[in-house]
$ cat start.pdb   # PDB, C-alpha atoms, pLDDT in the B column
MODEL        1
ATOM      1  CA  MET A   1     -19.401  18.121  25.762  1.00 65.00           C
ATOM      2  CA  THR A   2     -21.444  19.420  22.906  1.00 91.00           C
ATOM      3  CA  VAL A   3     -25.060  19.775  21.899  1.00 97.00           C
ATOM      4  CA  LEU A   4     -25.408  19.114  18.179  1.00 97.00           C
ATOM      5  CA  VAL A   5     -28.167  19.935  15.692  1.00 97.00           C
ATOM      6  CA  ASP A   6     -28.493  18.523  12.184  1.00 97.00           C
ATOM      7  CA  PRO A   7     -30.239  20.131   9.203  1.00 96.00           C
ATOM      8  CA  PRO A   8     -34.033  20.047   9.141  1.00 94.00           C
ATOM      9  CA  LEU A   9     -34.696  17.432   6.448  1.00 92.00           C
ATOM     10  CA  TRP A  10     -37.593  15.314   7.755  1.00 86.00           C
ATOM     11  CA  PRO A  11     -41.110  16.471   6.848  1.00 88.00           C
ATOM     12  CA  ARG A  12     -43.947  15.905   9.298  1.00 87.00           C
ATOM     13  CA  HIS A  13     -46.889  17.843  10.713  1.00 90.00           C
ATOM     14  CA  GLY A  14     -46.678  20.609   8.127  1.00 91.00           C
ATOM     15  CA  THR A  15     -43.021  21.510   8.708  1.00 91.00           C
ATOM     16  CA  VAL A  16     -39.526  20.054   8.395  1.00 96.00           C
ATOM     17  CA  TRP A  17     -37.547  18.764  11.389  1.00 95.00           C
ATOM     18  CA  GLY A  18     -33.942  18.323  12.493  1.00 96.00           C
ATOM     19  CA  HIS A  19     -32.545  16.617  15.586  1.00 96.00           C
ATOM     20  CA  LEU A  20     -30.959  18.001  18.730  1.00 97.00           C
ATOM     21  CA  VAL A  21     -28.608  15.627  20.589  1.00 96.00           C
ATOM     22  CA  SER A  22     -25.758  15.644  23.086  1.00 96.00           C
ATOM     23  CA  ASP A  23     -22.510  13.798  22.544  1.00 94.00           C
ATOM     24  CA  ALA A  24     -21.935  13.681  26.317  1.00 94.00           C
ATOM     25  CA  SER A  25     -25.080  13.139  28.397  1.00 95.00           C
ATOM     26  CA  TYR A  26     -28.840  13.274  28.500  1.00 95.00           C
ATOM     27  CA  ASP A  27     -28.522  15.757  31.380  1.00 96.00           C
ATOM     28  CA  GLU A  28     -26.670  18.165  29.091  1.00 96.00           C
ATOM     29  CA  LEU A  29     -29.298  17.687  26.378  1.00 97.00           C
ATOM     30  CA  HIS A  30     -32.249  18.187  28.747  1.00 97.00           C
ATOM     31  CA  ALA A  31     -30.649  21.305  30.254  1.00 97.00           C
ATOM     32  CA  PHE A  32     -30.104  22.794  26.790  1.00 97.00           C
ATOM     33  CA  ALA A  33     -33.663  21.963  25.745  1.00 98.00           C
ATOM     34  CA  ALA A  34     -35.037  23.554  28.923  1.00 97.00           C
ATOM     35  CA  ARG A  35     -33.050  26.762  28.246  1.00 97.00           C
ATOM     36  CA  ALA A  36     -34.457  26.752  24.706  1.00 97.00           C
ATOM     37  CA  GLY A  37     -38.008  26.307  25.990  1.00 97.00           C
ATOM     38  CA  ILE A  38     -38.435  22.867  24.443  1.00 95.00           C
ATOM     39  CA  PRO A  39     -40.788  20.803  26.623  1.00 93.00           C
ATOM     40  CA  ARG A  40     -39.468  17.535  28.072  1.00 94.00           C
ATOM     41  CA  ARG A  41     -42.344  15.666  26.410  1.00 91.00           C
ATOM     42  CA  ALA A  42     -40.610  16.416  23.077  1.00 90.00           C
ATOM     43  CA  PHE A  43     -37.698  14.127  24.040  1.00 94.00           C
ATOM     44  CA  ASP A  44     -37.697  11.034  21.804  1.00 90.00           C
ATOM     45  CA  ARG A  45     -35.437   8.404  23.415  1.00 90.00           C
ATOM     46  CA  ASP A  46     -32.112  10.022  22.438  1.00 92.00           C
ATOM     47  CA  HIS A  47     -32.977  13.342  20.794  1.00 94.00           C
ATOM     48  CA  TYR A  48     -35.340  16.263  20.545  1.00 97.00           C
ATOM     49  CA  ASP A  49     -36.956  17.117  17.215  1.00 94.00           C
ATOM     50  CA  VAL A  50     -36.439  20.744  16.184  1.00 95.00           C
ATOM     51  CA  PRO A  51     -38.663  22.412  13.581  1.00 95.00           C
ATOM     52  CA  VAL A  52     -37.007  24.401  10.815  1.00 96.00           C
ATOM     53  CA  GLU A  53     -38.549  27.544  12.307  1.00 97.00           C
ATOM     54  CA  ARG A  54     -36.387  27.150  15.456  1.00 97.00           C
ATOM     55  CA  TRP A  55     -33.177  25.778  13.931  1.00 97.00           C
ATOM     56  CA  ASP A  56     -31.338  29.121  13.806  1.00 97.00           C
ATOM     57  CA  GLU A  57     -32.343  29.762  17.425  1.00 98.00           C
ATOM     58  CA  MET A  58     -30.760  26.455  18.505  1.00 97.00           C
ATOM     59  CA  VAL A  59     -27.499  27.498  16.837  1.00 98.00           C
ATOM     60  CA  GLU A  60     -27.657  30.946  18.462  1.00 97.00           C
ATOM     61  CA  LEU A  61     -28.105  29.242  21.853  1.00 97.00           C
ATOM     62  CA  GLY A  62     -24.930  27.220  21.265  1.00 97.00           C
ATOM     63  CA  ALA A  63     -25.905  24.035  19.428  1.00 98.00           C
ATOM     64  CA  VAL A  64     -23.233  23.081  16.913  1.00 97.00           C
ATOM     65  CA  PRO A  65     -24.588  22.468  13.408  1.00 98.00           C
ATOM     66  CA  VAL A  66     -23.395  19.199  11.878  1.00 97.00           C
ATOM     67  CA  GLY A  67     -24.488  16.975   9.029  1.00 96.00           C
ATOM     68  CA  THR A  68     -26.834  14.094   9.760  1.00 94.00           C
ATOM     69  CA  ARG A  69     -24.129  11.435   9.387  1.00 95.00           C
ATOM     70  CA  GLU A  70     -21.828  13.305  11.762  1.00 96.00           C
ATOM     71  CA  LEU A  71     -24.647  13.691  14.302  1.00 94.00           C
ATOM     72  CA  VAL A  72     -25.381   9.953  14.236  1.00 91.00           C
ATOM     73  CA  ARG A  73     -21.676   9.060  14.353  1.00 94.00           C
ATOM     74  CA  ARG A  74     -21.089  11.211  17.415  1.00 94.00           C
ATOM     75  CA  LEU A  75     -24.286  10.052  19.102  1.00 91.00           C
ATOM     76  CA  ARG A  76     -23.239   6.415  18.625  1.00 91.00           C
ATOM     77  CA  ALA A  77     -19.697   7.130  19.845  1.00 91.00           C
ATOM     78  CA  SER A  78     -21.148   8.707  23.002  1.00 89.00           C
ATOM     79  CA  GLY A  79     -23.076   5.528  23.805  1.00 82.00           C
ATOM     80  CA  LEU A  80     -26.341   7.511  23.941  1.00 78.00           C
ATOM     81  CA  ARG A  81     -27.814   6.322  20.627  1.00 86.00           C
ATOM     82  CA  VAL A  82     -30.967   4.245  20.999  1.00 81.00           C
ATOM     83  CA  PRO A  83     -31.036   1.648  18.181  1.00 73.00           C
ATOM     84  CA  GLY A  84     -34.093   1.444  15.955  1.00 67.00           C
ATOM     85  CA  ARG A  85     -34.994  -2.012  17.300  1.00 65.00           C
ATOM     86  CA  ASP A  86     -35.334  -0.487  20.779  1.00 67.00           C
ATOM     87  CA  ARG A  87     -37.565   2.373  19.639  1.00 62.00           C
ATOM     88  CA  ARG A  88     -40.641   0.131  19.820  1.00 60.00           C
ATOM     89  CA  THR A  89     -40.396  -0.124  23.606  1.00 52.00           C
ATOM     90  CA  PRO A  90     -41.696   2.550  26.005  1.00 55.00           C
ATOM     91  CA  THR A  91     -39.569   5.682  26.354  1.00 54.00           C
ATOM     92  CA  PRO A  92     -37.132   5.466  29.290  1.00 53.00           C
ATOM     93  CA  SER A  93     -37.549   8.091  31.991  1.00 52.00           C
ATOM     94  CA  ASP A  94     -33.997   9.185  31.206  1.00 46.00           C
TER      95      ASP A  94
ENDMDL
END
$ encode --input "start.pdb" --output "structure tokens"
Amino acid sequence: MTVLVDPPLWPRHGTVWGHLVSDASYDELHAFAARAGIPRRAFDRDHYDVPVERWDEMVELGAVPVGTRELVRRLRASGLRVPGRDRRTPTPSD
């Protein structure tokens, strides 16, 4: 069970963002995010967005840095990946 974080590469809202995911469960991901002080409303279907300003903090808290392809590969393998076609529907409660 691992929480993963990829490099902040996606610009939006005046900063650059990476993704925080779990390769085991949403419960693990939500617990990690809560410990990091990331609000639940920041959850986006299968990940949390992490601004570049907080990336090092996520690693210090125990998130394992991986490349974007590795993050997506492991998220898919876990069965937790939400496909793009399903991103148009309302966010599930969990």
$ atom_distance --input "start.pdb" --atom1 "CA of Ala31 in chain A" --atom2 "CA of Arg12 in chain A"
25.4 Å
$ resolve_selection --input "start.pdb" --expression "the PyMOL selection byres ((chain A and resi 60-69) around 7)" --output "list in words"
Val3, Leu4, Val5, Asp6, Pro7, Asp56, Glu57, Met58, Val59, Glu70, Leu71, Val72 and Arg73 of chain A
$ atom_distance --input "start.pdb" --atom1 "CA of Glu28 in chain A" --atom2 "CA of Arg74 in chain A"
14.7 Å
$ closest_residue --input "start.pdb" --among "A:Val50, A:Val82, A:Ala42, A:Leu75" --to "Ala24 in chain A" --atoms "only C-alpha atoms"
A:Leu75
$ closest_residue --input "start.pdb" --among "A:His13, A:Thr2, A:Arg81, A:Tyr48" --to "Ala34 in chain A" --atoms "all atoms listed in the file"
A:Tyr48
$ closest_residue --input "start.pdb" --among "A:Arg41, A:Pro51, A:Arg35, A:Leu29" --to "Gly14 in chain A" --atoms "all atoms listed in the file"
A:Pro51
$ residues_near_point --input "start.pdb" --point "(-31.5, 15.7, 26.2)" --cutoff "9 Å" --atoms "all atoms listed in the file" --output "ChimeraX atom specification"
/A:3,20-22,25-33,40,43-48,94
$ residues_around --input "start.pdb" --residues "Pro11 in chain A" --least-positions-apart "6" --cutoff "10 Å" --atoms "only C-alpha atoms" --output "list in words"
Trp17, Gly18, Pro51 and Val52 of chain A
$ atom_distance --input "start.pdb" --atom1 "CA of Pro8 in chain A" --atom2 "CA of Leu80 in chain A"
20.9 Å
$ closest_residue --input "start.pdb" --among "A:Asp23, A:Ile38, A:Asp49, A:Ala77" --to "Leu9 in chain A" --atoms "only C-alpha atoms"
A:Asp49
